[in-house]
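Enquirer: Handing you a structure now.
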Amino acid sequence: MTTTPRYIIGIDVGGTFTDLLAFDTATDQLLSAKVPSLPGAQWQGVLGALAELEIPFEAIRAFVHGTTIATNALLERKGARTALVTTKGFRDVIEIGKGRRLTGGIFDTTWQREPPLVPRDRRFEIDERTTADGSVLKEVALADIEQLAQLLRDQDIETIAVAFLNSYVNATNEQAVVAALGARLQGIPITQSARLIPERGEFERTSTAVLNAYLAPVVRKYLRTLAGVLSERGIRAPVNIMGSNGGAMTLDIAAEQCVATFLSGPVGGVGGAIRVSEQADIRDVITFDMGGTSTDVALVKNLMPRMSHDNQIDAYPLRYPQLDIHTIGAGGGSIVWIGADQTLQIGPRSAGALPGPACYGRGGTEPTISDANLLLGRLSSDRALAGGLQLDLAAARAAFDTLATAAGTDDLSALANAAIAVAVAKMAGAVREVSVHRGFDPRDFALVAFGGAGPMHGFLVAEELGMARVIVPRYPGHLSALGQMVADARRDFVKAWGGRLSTVALDDLRAEAETLRREGEAQLTADGIAVARHRHEFVLDMRYAGQSFTLPVAWRPADPDFTALRQSFDAAHEETFGYADRTNEAEIVNIRLVSIGEVDKPALNFAPDAQSAPTPRRRKVWFGGWTDTAIYDRADLPVGFVFSGPAIIEEAGGTSIVPPGWTVRVHESGAMIGELPE
Amino acid sequence: MKEIGRLELIRESLVAVVNEMRANVIRSSYSSIIYEGHDFSCALVMADGRLVAQGDADNPIHIFAVPYSTAEVAKTFAGDIHPGDIFLHNDPYTGGTHLNDVLMLYPVFHEGRLALFTATRCHWGDVGGMTPGSLSGRVTEVYQEGLRIVPTRICERGRMNEAFINLLLDNMRIREERRGDFNTMLGASRKAAEHIGRLFKRFGGHAFLDSIEELIARSERLMRARISDIPDGVYQAEGYLDSNGHSPEPLVGRLKLTVTGDRMIADFTGSSPQTGGPTNVGPAMALNAVASVVKSYLDPQTPVNHGSFNPLQVINPPGSFLNATLPAPCGGMVECRAIMVALMVSALGQALPERLIGDLKGGANHVYMSGPRPSGDGSKAGLFLLYEYPAGGTGATRSNDGNHVVRAFPEGDFNTVQAAEIVEMQCPVRVEHYGIREGSCGDGMFRGGCGMRRDIRILADEASLSVLADHAIIPPFGVAGGHSGALNSFVVLRDGEVIAPSPIAGKVGGFKLQKGDIVRMESAGGGGYGDPLDRDPARVAHDVLLGYVSAEDALKRYGVAFASSGEVDAPATSDARARLRKARLELAINSADADTYDGARRRMEVPRAIADRLGLADGDLMELATATSGSALRGWVRIAEGGENVSLGPTGRAVLGVKAGDTVEVRAARSAT
């Protein structure tokens, strides 16, 4: 084994499994591994997966890691003991916001607000003030900081967010407090709101800063541990983390901007799905990534995923750019239970990685969606599953027996089938959220089904929505890792700057843009990416004078004047809102820059080796009744092979279930493309 | 099975159309009330006005009145509605809410026949009238509240009636902003109509419309089944609004709710006559309030359509403040709807005690600050107009505390104040404080939520303040023995002095503000549930730790004492609670043949010895409550020289759910702070 760096690694640590894909640039071979995740020690999954493939650490050339560490810590409320420092009179902003509920509750008399991440006794006020035009009305007094530092020590604070009013215009006071606290409380991470996201709106900016602070110690500890164990073992390649914007970022950036990693796992899947769709020449897809505990869906139009700037995670506003991915808390490990009104309910509790579904034989006793699939013969109890797992039919049956008693039935198959139907309806709702609710018809899109449980349910979800095309990528259990493997480095920047087009000077705009561009260039260069491979794209947030919300309009610094910009904006406004206000002034509100550093991408070839038509095994599988069904090994399917449902395709990363009526063809790229005739 | 999926898909599509309209309105609108405050709603209605869908965050206060307005338009222009027509409406007497809420109806045709209307109701920041922002607590007739638009065709077969629109806009403050609001509504309507066109094509127009009918029928069946589960009976409620804005006389609202089989009849007969102040509403608002509570109590999950309304009947004789006629002002629409919601909560809460919930802030809390925009060079810089409507604490329930400063279940979900950073950029003011109003919660085994305090300093040379709010005199009620929340309060701080901006609290019309003044808005706390002395001391300790309630109040109001370590002192708590219990006054009810009133005020005759003990004087507000009652029964003290008990007539006994001889707690009805 040579020590020349030759492996490009994408590794995705999910709640249930850790997936690793390695592309060997020396042999053009793709290797994959899937090992169970260890909650609380994600890095062990990383090491386990690398060990399984026997990849020497020094032979790693690039390493991109998707992690759910921030997301999990938030959802489980296992962040650090956080303090918030605000302008005097405003410590309650994160608790009461602007008086909205934000988490539903219309007509709901029992609605309760989710407690803020920083309780009121850990929110401190400083007598300081910056006005809306950026002038400092009241400077920070040193004595106040001394006193505050002592209070923070007394409270055993582990992390701090500082968010002052109007700091997005002038952050002098905010910076002063951060610097002074930093000097007095060494080793405690401090998040400064305007540094993290210099945008107007104290509630959203403070909330984002609080999220970041709350998660910083957890994320940093993990990243330090990960970097430590990897370098101990001799890795020389930079270790990068997948960011929510769909690009890779360094560990240092990830440690500072934890809020940029909420979608670290899911974006990899979207990137991978785009790559696979592109190969199949299908440009409009909805990605359907169903794992053990949750399902992520995203809409991709013309191979471009949608971006979203004003987000919310859990009950908390998140003003940070990320791909527009909708997540629901239901997956293969979701627990099936009987509600108070004797209805069949799925999740949101999940069996997770430990103990896992009953059929994993790790001590789980509650019935899950995976157990239902095993009972219906859709999963096999004869052959080992991903990660060498042998499914335990008796345990699944025992779990469903208990459920059947509670439901007052003795027909296990019908019950298992009903559970899957409810789960599929939930999944379809998530797909509607990103399509119908955003003005798209899902029938105009193909569903890309992946993740451990995606190919098992994708065809059923498509049927529910009238979608006639499903793509199951090769290595469906590793698609996030694939996306990470091919991810470019990416930085998103925003600067609150602007004015009316009639009054702003083009040269000033260019100068501001150039400052941003240099920052992007510097960061990408620091990441080790040659300037020749940088790409900088500007977008201006624009609106008509008097409006508040903005539309993104692409802009090139080389444009000779604002004519093209104005035309693009009017056109976008008319397209989006039904009218253009051509006689009104238009203004620029923010300058946004996306800086992309292109990395080497493996020339992936997924074409299967198989040459001749395979002979399927057969077994009885439940499709509204026990049906004789063909069972294929995915590796045996040659390019161009066509088969019809009902069929089951087994492979290491997941099982595909093709219901009756579908016709599937193996594409040149290795993907299976299923179609449902009218 | 296929059909169920299809119905669900159509239902989702309908809601998606409305959600898309919402997004378009928010993002393209010109006035902060809409883009920051989200004070608008969107809906789809059938050609006859029946409600088809509203969005996830739309406010029922806007939407549940749309069917009435649409039916008026359909009636006025029967057989004469064509593609390219657009209708405008805001008249409260024909289905409007208050004049600021302007409704645009945009007809959608299928195969040449009128099929649906898209409906967009936006709160315009100003519609003319006597004060900036148009809503004032001091008006005497509707003409002072702005321009009234009866059902009007503003666009005929694609030809816009510019003369009419100019007449409207020329009589409103900040014309450009109004024009922007108008364009926004137009744009959102057009996009929605296009979207519906695509749905017609996708599902087939007839099948699509048939599915809507099926969805409405299913909602009706579900609602009827739910009503059937409620014990048949007649449930009564009585409640008060502070005043009409001009006199200190309260207004009484009365409700007799009859549940019979799968129907409900809500009868508001006996409520106060319409007034010469802003606290009146037109005919659409009673069903609006009734349906909002019924939907919330019985079927909160299913998306709303007209089927839920069909089993409900409203009796509401014209001429009362709950069904007013020209020229009664209707600016206090939210306040009047709030009292009807409160009456429904009390009445339906007697039938479904597990659903009881403490009262809220009692209305919208409209607050306007307006004046000339200062300009450095002395040029004309126009007006600024800052409009906020602060949320309060929500009511407690049988199993949970109320929430602090947030919209409640029947109020939709939108912002109630704006970001300080936006306010300060757009108006010559500085927000100096925004936070939880400590101690303002109504006490109870579960306490209400706290209201908020917000201080805004005026930086302009001059400005005016208008306020239209209720529950600034009569506090939000508690339930099941729980106590009142704090009153709404709106004052001006000038040179360290507190100035009441009007003789009648909560109703301010054009008070002159000076540079440097601070307008202090404090919103009400929610009513409590149950006996505060039964509150888990650990919950009280937590409230004290977080500063929602002071340690002093914990002892005084909850009987919870703390050791110097900060831990609950159990023996001292036990003593304190025993002492507080003993100090209470519980009396057996005497039966009277009739309820007695002084004008609108329920008269409660209290023996002098008892009044003295409670610190009550003639004319004070008091209340009777029991652990099993719905809302506390309010009345005004009339001191009696003799006797030992309090007498109640049949209505009072019915509202309180007591019979002669039952023991009730007699106490002052005081604001929590």
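Following the order of the structure tokens, first chain is A, next is B, and so on, with residues numbered from 1 inside each chain and ligands from 1 in the order they appear.
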Please list as a ChimeraX atom specification every residue within 9 Å of Arg157 in chain B, counting only C-alpha atoms and excluding residues in the same chain fewer than 2 positions away.

Expert: /B:81-86,155,159-160

Enquirer: Taking only range 537-600 of chain A into account, list the residues labelled strand (DSSP E or B) by DSSP (computed from the backbone), as a PDB file with C-alpha atoms, in the first residue's frame.

Expert:
```pdb
ATOM      1  CA  GLU A 537     -21.078  35.374  -7.645  1.00  0.00           C
ATOM      2  CA  PHE A 538     -22.848  38.502  -6.458  1.00  0.00           C
ATOM      3  CA  VAL A 539     -26.506  38.850  -5.652  1.00  0.00           C
ATOM      4  CA  LEU A 540     -28.101  42.127  -4.582  1.00  0.00           C
ATOM      5  CA  ASP A 541     -31.132  42.068  -2.316  1.00  0.00           C
ATOM      6  CA  MET A 542     -33.438  44.644  -3.893  1.00  0.00           C
ATOM      7  CA  ARG A 543     -36.843  46.203  -3.389  1.00  0.00           C
ATOM      8  CA  TYR A 544     -38.906  49.180  -4.430  1.00  0.00           C
ATOM      9  CA  LEU A 551     -35.768  39.909  -3.974  1.00  0.00           C
ATOM     10  CA  PRO A 552     -32.348  38.542  -4.876  1.00  0.00           C
ATOM     11  CA  VAL A 553     -31.069  39.850  -8.217  1.00  0.00           C
ATOM     12  CA  ALA A 554     -27.854  38.617  -9.785  1.00  0.00           C
ATOM     13  CA  TRP A 555     -25.314  41.364 -10.491  1.00  0.00           C
ATOM     14  CA  ALA A 586     -35.669  50.651  -6.738  1.00  0.00           C
ATOM     15  CA  GLU A 587     -33.093  50.254  -4.022  1.00  0.00           C
ATOM     16  CA  ILE A 588     -30.324  47.932  -2.958  1.00  0.00           C
ATOM     17  CA  VAL A 589     -30.471  46.632   0.618  1.00  0.00           C
ATOM     18  CA  ASN A 590     -27.773  43.974   0.934  1.00  0.00           C
ATOM     19  CA  ILE A 591     -24.851  42.793  -1.100  1.00  0.00           C
ATOM     20  CA  ARG A 592     -24.466  39.041  -1.018  1.00  0.00           C
ATOM     21  CA  LEU A 593     -21.478  37.149  -2.265  1.00  0.00           C
ATOM     22  CA  VAL A 594     -21.084  33.446  -2.782  1.00  0.00           C
ATOM     23  CA  SER A 595     -17.443  32.481  -3.124  1.00  0.00           C
ATOM     24  CA  ILE A 596     -16.871  29.008  -4.447  1.00  0.00           C
ATOM     25  CA  GLY A 597     -13.540  27.214  -4.498  1.00  0.00           C
TER      26      GLY A 597
END
```

Enquirer: Kindly assemble as JSON lines a list of the chain A residues that lie within 6 Å of chain B, each paired with its nearest atom pair and their distance in Å to one decimal, using only C-alpha atoms, sorted first by chain and then by ascending residue number.

Expert:
```
{"residue": "A:Gly89", "atom": "CA", "partner": "B:His433", "partner_atom": "CA", "distance": 4.3}
{"residue": "A:Phe90", "atom": "CA", "partner": "B:Tyr434", "partner_atom": "CA", "distance": 5.5}
{"residue": "A:Asp92", "atom": "CA", "partner": "B:Gly435", "partner_atom": "CA", "distance": 4.9}
{"residue": "A:Lys98", "atom": "CA", "partner": "B:Asn415", "partner_atom": "CA", "distance": 5.2}
{"residue": "A:Gly99", "atom": "CA", "partner": "B:Val406", "partner_atom": "CA", "distance": 4.2}
{"residue": "A:Arg100", "atom": "CA", "partner": "B:Asn415", "partner_atom": "CA", "distance": 5.2}
{"residue": "A:Ile106", "atom": "CA", "partner": "B:Phe409", "partner_atom": "CA", "distance": 5.0}
{"residue": "A:Phe107", "atom": "CA", "partner": "B:Ser296", "partner_atom": "CA", "distance": 4.2}
{"residue": "A:Asp108", "atom": "CA", "partner": "B:Phe409", "partner_atom": "CA", "distance": 5.3}
{"residue": "A:Thr109", "atom": "CA", "partner": "B:Phe409", "partner_atom": "CA", "distance": 5.6}
{"residue": "A:Arg120", "atom": "CA", "partner": "B:Leu546", "partner_atom": "CA", "distance": 5.3}
{"residue": "A:Asp121", "atom": "CA", "partner": "B:Leu546", "partner_atom": "CA", "distance": 5.3}
{"residue": "A:Ala132", "atom": "CA", "partner": "B:Met425", "partner_atom": "CA", "distance": 5.4}
{"residue": "A:Gly201", "atom": "CA", "partner": "B:Ala419", "partner_atom": "CA", "distance": 5.8}
{"residue": "A:His437", "atom": "CA", "partner": "B:Ala16", "partner_atom": "CA", "distance": 4.6}
{"residue": "A:Gly546", "atom": "CA", "partner": "B:Tyr30", "partner_atom": "CA", "distance": 5.2}
{"residue": "A:Gln547", "atom": "CA", "partner": "B:Tyr30", "partner_atom": "CA", "distance": 4.3}
{"residue": "A:Phe549", "atom": "CA", "partner": "B:Arg27", "partner_atom": "CA", "distance": 4.8}
{"residue": "A:Phe577", "atom": "CA", "partner": "B:Gly187", "partner_atom": "CA", "distance": 5.6}
{"residue": "A:Gly578", "atom": "CA", "partner": "B:Gly187", "partner_atom": "CA", "distance": 4.3}
{"residue": "A:Tyr579", "atom": "CA", "partner": "B:Gly187", "partner_atom": "CA", "distance": 5.5}
```

Enquirer: Given the selection you just returned, output its residues as a file containing N, CA and C atoms, formatted as a compact mmCIF listing (two decimals), in the first residue's frame.

Expert:
```
# COMPACT_ATOMS: atom_id res chain seq x y z
N GLY A 89 -32.52 46.93 28.60
CA GLY A 89 -33.94 47.01 28.26
C GLY A 89 -34.39 45.98 27.26
N PHE A 90 -33.47 45.13 26.78
CA PHE A 90 -33.84 44.23 25.69
C PHE A 90 -33.50 42.76 25.95
N ASP A 92 -35.31 40.48 27.06
CA ASP A 92 -36.41 39.53 26.82
C ASP A 92 -36.71 39.30 25.34
N LYS A 98 -41.49 39.05 18.61
CA LYS A 98 -42.36 40.16 18.25
C LYS A 98 -43.81 39.79 18.55
N GLY A 99 -43.97 38.81 19.45
CA GLY A 99 -45.32 38.45 19.87
C GLY A 99 -45.97 37.38 19.01
N ARG A 100 -45.19 36.78 18.12
CA ARG A 100 -45.73 35.68 17.32
C ARG A 100 -45.45 34.36 18.01
N ILE A 106 -52.50 27.97 15.88
CA ILE A 106 -53.76 28.64 15.55
C ILE A 106 -54.90 27.69 15.95
N PHE A 107 -55.88 28.21 16.64
CA PHE A 107 -57.04 27.46 17.16
C PHE A 107 -56.65 26.48 18.27
N ASP A 108 -55.39 26.50 18.71
CA ASP A 108 -54.94 25.51 19.69
C ASP A 108 -54.87 26.15 21.08
N THR A 109 -55.82 25.80 21.93
CA THR A 109 -55.88 26.41 23.26
C THR A 109 -54.79 25.85 24.19
N ARG A 120 -34.11 33.40 31.59
CA ARG A 120 -34.06 34.83 31.89
C ARG A 120 -32.97 35.17 32.90
N ASP A 121 -32.66 34.27 33.84
CA ASP A 121 -31.66 34.61 34.85
C ASP A 121 -30.24 34.54 34.30
N ALA A 132 -29.93 54.05 15.08
CA ALA A 132 -30.20 53.40 13.80
C ALA A 132 -29.25 53.88 12.70
N GLY A 201 -32.63 43.45 12.22
CA GLY A 201 -33.67 42.66 12.87
C GLY A 201 -33.12 42.04 14.14
N HIS A 437 -46.61 23.79 -1.80
CA HIS A 437 -46.65 25.02 -1.00
C HIS A 437 -45.73 26.11 -1.51
N GLY A 546 -39.82 51.95 -0.21
CA GLY A 546 -41.04 51.83 0.59
C GLY A 546 -41.36 50.40 0.95
N GLN A 547 -40.79 49.45 0.22
CA GLN A 547 -41.03 48.05 0.57
C GLN A 547 -40.06 47.61 1.66
N PHE A 549 -39.45 43.76 2.26
CA PHE A 549 -38.83 42.52 1.84
C PHE A 549 -38.11 42.71 0.51
N PHE A 577 -44.44 38.47 -7.92
CA PHE A 577 -45.55 39.08 -7.20
C PHE A 577 -46.70 39.55 -8.09
N GLY A 578 -46.57 39.38 -9.39
CA GLY A 578 -47.69 39.72 -10.24
C GLY A 578 -47.69 41.15 -10.74
N TYR A 579 -46.76 41.99 -10.32
CA TYR A 579 -46.70 43.34 -10.87
C TYR A 579 -45.30 43.91 -10.71
```

Enquirer: As a ChimeraX atom specification, please: all residues of range 365-506 of chain B that backbone DSSP puts in helix (DSSP H, G or I).

Expert: /B:420-426

Enquirer: At a cut-off of 9 Å, can you tabulate as CSV every residue of range 457-523 of chain B near range 122-146 of chain B together with its closest atom pair and the distance in Å to one decimal, using only C-alpha atoms and ordering rows by chain then number?

Expert:
```
residue,atom,partner,partner_atom,distance
B:Ser464,CA,B:Pro132,CA,8.4
B:Leu465,CA,B:Pro132,CA,9.0
B:Ser466,CA,B:Ser136,CA,5.7
B:Val467,CA,B:Gly137,CA,6.0
B:Leu468,CA,B:Gly137,CA,4.7
B:Ala469,CA,B:Gly137,CA,7.6
B:Gly506,CA,B:Gly137,CA,7.5
B:Lys507,CA,B:Gly137,CA,4.1
B:Val508,CA,B:Gly137,CA,5.1
B:Gly509,CA,B:Arg138,CA,5.1
B:Gly510,CA,B:Thr131,CA,6.3
```

Enquirer: Okay, now the selection with C-alpha atoms, as a tab-separated table (two decimals), in the first residue's frame?

Expert:
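Listing of again_8.tsv after writing:
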```tsv
chain	number	residue	atom	x	y	z
B	464	SER	CA	-49.66	62.74	18.46
B	465	LEU	CA	-50.72	59.59	20.27
B	466	SER	CA	-53.92	57.67	19.69
B	467	VAL	CA	-54.88	54.49	21.51
B	468	LEU	CA	-57.82	52.17	21.17
B	469	ALA	CA	-57.72	49.41	23.74
B	506	GLY	CA	-57.28	52.96	26.99
B	507	LYS	CA	-59.13	55.42	24.73
B	508	VAL	CA	-56.83	58.17	23.53
B	509	GLY	CA	-57.50	60.46	20.56
B	510	GLY	CA	-54.66	62.62	19.26
```

Enquirer: Pick out the residues sitting within 6 Å of range 28-37 of chain A, and hand them over as an MDAnalysis selection string; count only C-alpha atoms, and ignore anything fewer than 2 positions along from it in its own chain.

Expert: chainID A and resid 16:26 45 49 387

Enquirer: Could you tell me which of B:Gly478, B:Gly55, B:Gly261, B:Gly270 comes closest to Thr651 in chain B if we count only C-alpha atoms?

Expert: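 Closest candidate: B:Gly270.
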
Enquirer: Might you pull out every residue within 12 Å of Pro503 in chain B, with only C-alpha atoms counted and same-chain residues fewer than 2 positions away left off, and present them as a PyMOL selection string?

Expert: chain B and resi 137-138+243+245-248+472-473+490-491+499-501+505-509+511

Enquirer: Residues of the last selection are to be written out with N, CA and C atoms, as a PDB file, in the first residue's frame.

Expert:
```pdb
ATOM      1  N   GLY B 137     -59.761  56.207  19.946  1.00  0.00           N
ATOM      2  CA  GLY B 137     -60.690  55.872  21.016  1.00  0.00           C
ATOM      3  C   GLY B 137     -61.730  56.951  21.243  1.00  0.00           C
ATOM      4  N   ARG B 138     -61.615  58.093  20.529  1.00  0.00           N
ATOM      5  CA  ARG B 138     -62.447  59.237  20.880  1.00  0.00           C
ATOM      6  C   ARG B 138     -63.436  59.617  19.780  1.00  0.00           C
ATOM      7  N   SER B 243     -65.703  50.702  28.192  1.00  0.00           N
ATOM      8  CA  SER B 243     -66.456  51.932  27.968  1.00  0.00           C
ATOM      9  C   SER B 243     -66.617  52.143  26.479  1.00  0.00           C
ATOM     10  N   GLY B 245     -65.599  54.936  25.255  1.00  0.00           N
ATOM     11  CA  GLY B 245     -64.569  55.912  24.952  1.00  0.00           C
ATOM     12  C   GLY B 245     -64.909  57.315  25.391  1.00  0.00           C
ATOM     13  N   HIS B 246     -66.170  57.577  25.669  1.00  0.00           N
ATOM     14  CA  HIS B 246     -66.579  58.931  26.038  1.00  0.00           C
ATOM     15  C   HIS B 246     -67.097  59.019  27.459  1.00  0.00           C
ATOM     16  N   SER B 247     -67.789  57.997  27.887  1.00  0.00           N
ATOM     17  CA  SER B 247     -68.323  58.024  29.242  1.00  0.00           C
ATOM     18  C   SER B 247     -67.708  56.858  29.997  1.00  0.00           C
ATOM     19  N   PRO B 248     -67.661  56.936  31.316  1.00  0.00           N
ATOM     20  CA  PRO B 248     -67.070  55.844  32.091  1.00  0.00           C
ATOM     21  C   PRO B 248     -67.989  54.634  32.220  1.00  0.00           C
ATOM     22  N   ALA B 472     -58.477  48.225  30.062  1.00  0.00           N
ATOM     23  CA  ALA B 472     -57.629  49.202  30.736  1.00  0.00           C
ATOM     24  C   ALA B 472     -58.338  49.675  32.007  1.00  0.00           C
ATOM     25  N   ILE B 473     -59.585  49.250  32.172  1.00  0.00           N
ATOM     26  CA  ILE B 473     -60.370  49.581  33.374  1.00  0.00           C
ATOM     27  C   ILE B 473     -60.858  48.300  34.055  1.00  0.00           C
ATOM     28  N   PHE B 490     -51.580  52.623  29.188  1.00  0.00           N
ATOM     29  CA  PHE B 490     -50.879  53.440  28.195  1.00  0.00           C
ATOM     30  C   PHE B 490     -50.694  54.828  28.789  1.00  0.00           C
ATOM     31  N   VAL B 491     -49.459  55.169  29.110  1.00  0.00           N
ATOM     32  CA  VAL B 491     -49.217  56.479  29.718  1.00  0.00           C
ATOM     33  C   VAL B 491     -48.047  57.165  29.012  1.00  0.00           C
ATOM     34  N   ILE B 499     -48.088  60.923  32.919  1.00  0.00           N
ATOM     35  CA  ILE B 499     -49.261  61.677  32.480  1.00  0.00           C
ATOM     36  C   ILE B 499     -50.260  60.706  31.856  1.00  0.00           C
ATOM     37  N   ALA B 500     -51.511  60.787  32.291  1.00  0.00           N
ATOM     38  CA  ALA B 500     -52.557  59.990  31.652  1.00  0.00           C
ATOM     39  C   ALA B 500     -52.998  60.747  30.399  1.00  0.00           C
ATOM     40  N   PRO B 501     -52.883  60.140  29.234  1.00  0.00           N
ATOM     41  CA  PRO B 501     -53.154  60.887  28.005  1.00  0.00           C
ATOM     42  C   PRO B 501     -54.644  61.058  27.705  1.00  0.00           C
ATOM     43  N   ALA B 505     -59.214  55.622  30.486  1.00  0.00           N
ATOM     44  CA  ALA B 505     -58.043  54.790  30.219  1.00  0.00           C
ATOM     45  C   ALA B 505     -58.263  53.934  28.975  1.00  0.00           C
ATOM     46  N   GLY B 506     -57.228  53.841  28.153  1.00  0.00           N
ATOM     47  CA  GLY B 506     -57.278  52.965  26.989  1.00  0.00           C
ATOM     48  C   GLY B 506     -57.912  53.578  25.751  1.00  0.00           C
ATOM     49  N   LYS B 507     -58.512  54.774  25.892  1.00  0.00           N
ATOM     50  CA  LYS B 507     -59.131  55.417  24.727  1.00  0.00           C
ATOM     51  C   LYS B 507     -58.511  56.804  24.588  1.00  0.00           C
ATOM     52  N   VAL B 508     -57.563  56.924  23.684  1.00  0.00           N
ATOM     53  CA  VAL B 508     -56.829  58.170  23.527  1.00  0.00           C
ATOM     54  C   VAL B 508     -57.002  58.651  22.098  1.00  0.00           C
ATOM     55  N   GLY B 509     -57.336  59.920  21.918  1.00  0.00           N
ATOM     56  CA  GLY B 509     -57.496  60.458  20.562  1.00  0.00           C
ATOM     57  C   GLY B 509     -56.608  61.660  20.354  1.00  0.00           C
ATOM     58  N   PHE B 511     -53.564  62.715  21.441  1.00  0.00           N
ATOM     59  CA  PHE B 511     -52.856  63.395  22.535  1.00  0.00           C
ATOM     60  C   PHE B 511     -51.560  63.993  21.985  1.00  0.00           C
TER      61      PHE B 511
END
```

Enquirer: So that I can see what lies close to range 315-326 of chain A, please list as a VMD selection string the residues with an atom at most 6 Å from it, counting only C-alpha atoms and leaving out residues fewer than 3 positions away in the same chain.

Expert: chain A and resid 204 207 to 208 244 to 245 296 to 298 306 to 312

Enquirer: Output C-alpha atoms for every residue in the selection just made, as an mmCIF file, in the first residue's frame.

Expert:
```
data_model
loop_
_atom_site.group_PDB
_atom_site.id
_atom_site.type_symbol
_atom_site.label_atom_id
_atom_site.label_comp_id
_atom_site.auth_asym_id
_atom_site.auth_seq_id
_atom_site.Cartn_x
_atom_site.Cartn_y
_atom_site.Cartn_z
ATOM 1 C CA GLU A 204 -33.555 37.123 14.345
ATOM 2 C CA SER A 207 -31.632 34.294 18.124
ATOM 3 C CA THR A 208 -29.014 33.236 15.574
ATOM 4 C CA SER A 244 -25.656 24.150 5.296
ATOM 5 C CA ASN A 245 -25.095 26.218 2.153
ATOM 6 C CA ASP A 296 -35.284 15.472 4.407
ATOM 7 C CA VAL A 297 -36.798 16.721 1.196
ATOM 8 C CA ALA A 298 -35.668 19.470 -1.133
ATOM 9 C CA ARG A 306 -33.243 26.629 -3.691
ATOM 10 C CA MET A 307 -31.588 28.857 -1.078
ATOM 11 C CA SER A 308 -33.272 30.181 2.014
ATOM 12 C CA HIS A 309 -32.028 33.076 4.171
ATOM 13 C CA ASP A 310 -34.744 33.529 6.776
ATOM 14 C CA ASN A 311 -34.947 30.188 8.495
ATOM 15 C CA GLN A 312 -36.178 28.686 11.674
#
```

Enquirer: Residues at most 8 Å from range 358-367 of chain A, counting only C-alpha atoms, excluding those fewer than 3 positions away in the same chain, as an mmCIF file with C-alpha atoms, in the first residue's frame?

Expert:
```cif
data_model
loop_
_atom_site.group_PDB
_atom_site.id
_atom_site.type_symbol
_atom_site.label_atom_id
_atom_site.label_comp_id
_atom_site.auth_asym_id
_atom_site.auth_seq_id
_atom_site.Cartn_x
_atom_site.Cartn_y
_atom_site.Cartn_z
ATOM 1 C CA ILE A 335 -41.976 4.146 16.537
ATOM 2 C CA VAL A 336 -45.486 2.984 15.672
ATOM 3 C CA TRP A 337 -48.017 3.468 18.441
ATOM 4 C CA ALA A 351 -35.694 3.886 18.141
ATOM 5 C CA LEU A 354 -29.531 2.350 20.075
ATOM 6 C CA PRO A 355 -31.422 0.213 20.713
ATOM 7 C CA SER A 370 -38.472 -1.103 9.715
ATOM 8 C CA ASP A 371 -40.129 -3.875 11.713
ATOM 9 C CA ALA A 372 -43.272 -3.395 9.626
ATOM 10 C CA LEU A 374 -39.657 -6.957 7.764
ATOM 11 C CA LEU A 389 -26.879 -6.665 10.601
ATOM 12 C CA GLN A 390 -28.985 -9.826 10.608
ATOM 13 C CA LEU A 391 -32.641 -8.907 11.116
ATOM 14 C CA ASP A 392 -34.610 -10.710 13.786
ATOM 15 C CA LEU A 393 -38.101 -11.558 12.516
ATOM 16 C CA ALA A 394 -39.239 -12.990 15.845
ATOM 17 C CA ALA A 395 -38.374 -9.759 17.659
ATOM 18 C CA ALA A 396 -40.258 -7.691 15.064
ATOM 19 C CA ALA A 398 -43.175 -9.732 19.176
ATOM 20 C CA ALA A 399 -43.123 -5.940 18.978
ATOM 21 C CA PHE A 400 -46.072 -5.884 16.590
ATOM 22 C CA LEU A 403 -49.151 -3.230 19.191
#
```

Enquirer: In Å, how far is it from CA of Asp39 in chain B to CA of Val150 in chain B?

Expert: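 We find that CA of Asp39 in chain B and CA of Val150 in chain B lie 21.3 Å from each other.
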
Enquirer: Please provide as a list in words all residues within 8 Å of range 606-611 of chain A, with the sequence filter that same-chain residues fewer than 5 positions apart are discarded (counting only C-alpha atoms).

Expert: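 Counting only C-alpha atoms, the residues come to Arg474, Ala635, Asp636, Leu637, Pro638, Val639, Glu668, Ser669, Gly670 and Ala671 of chain A.
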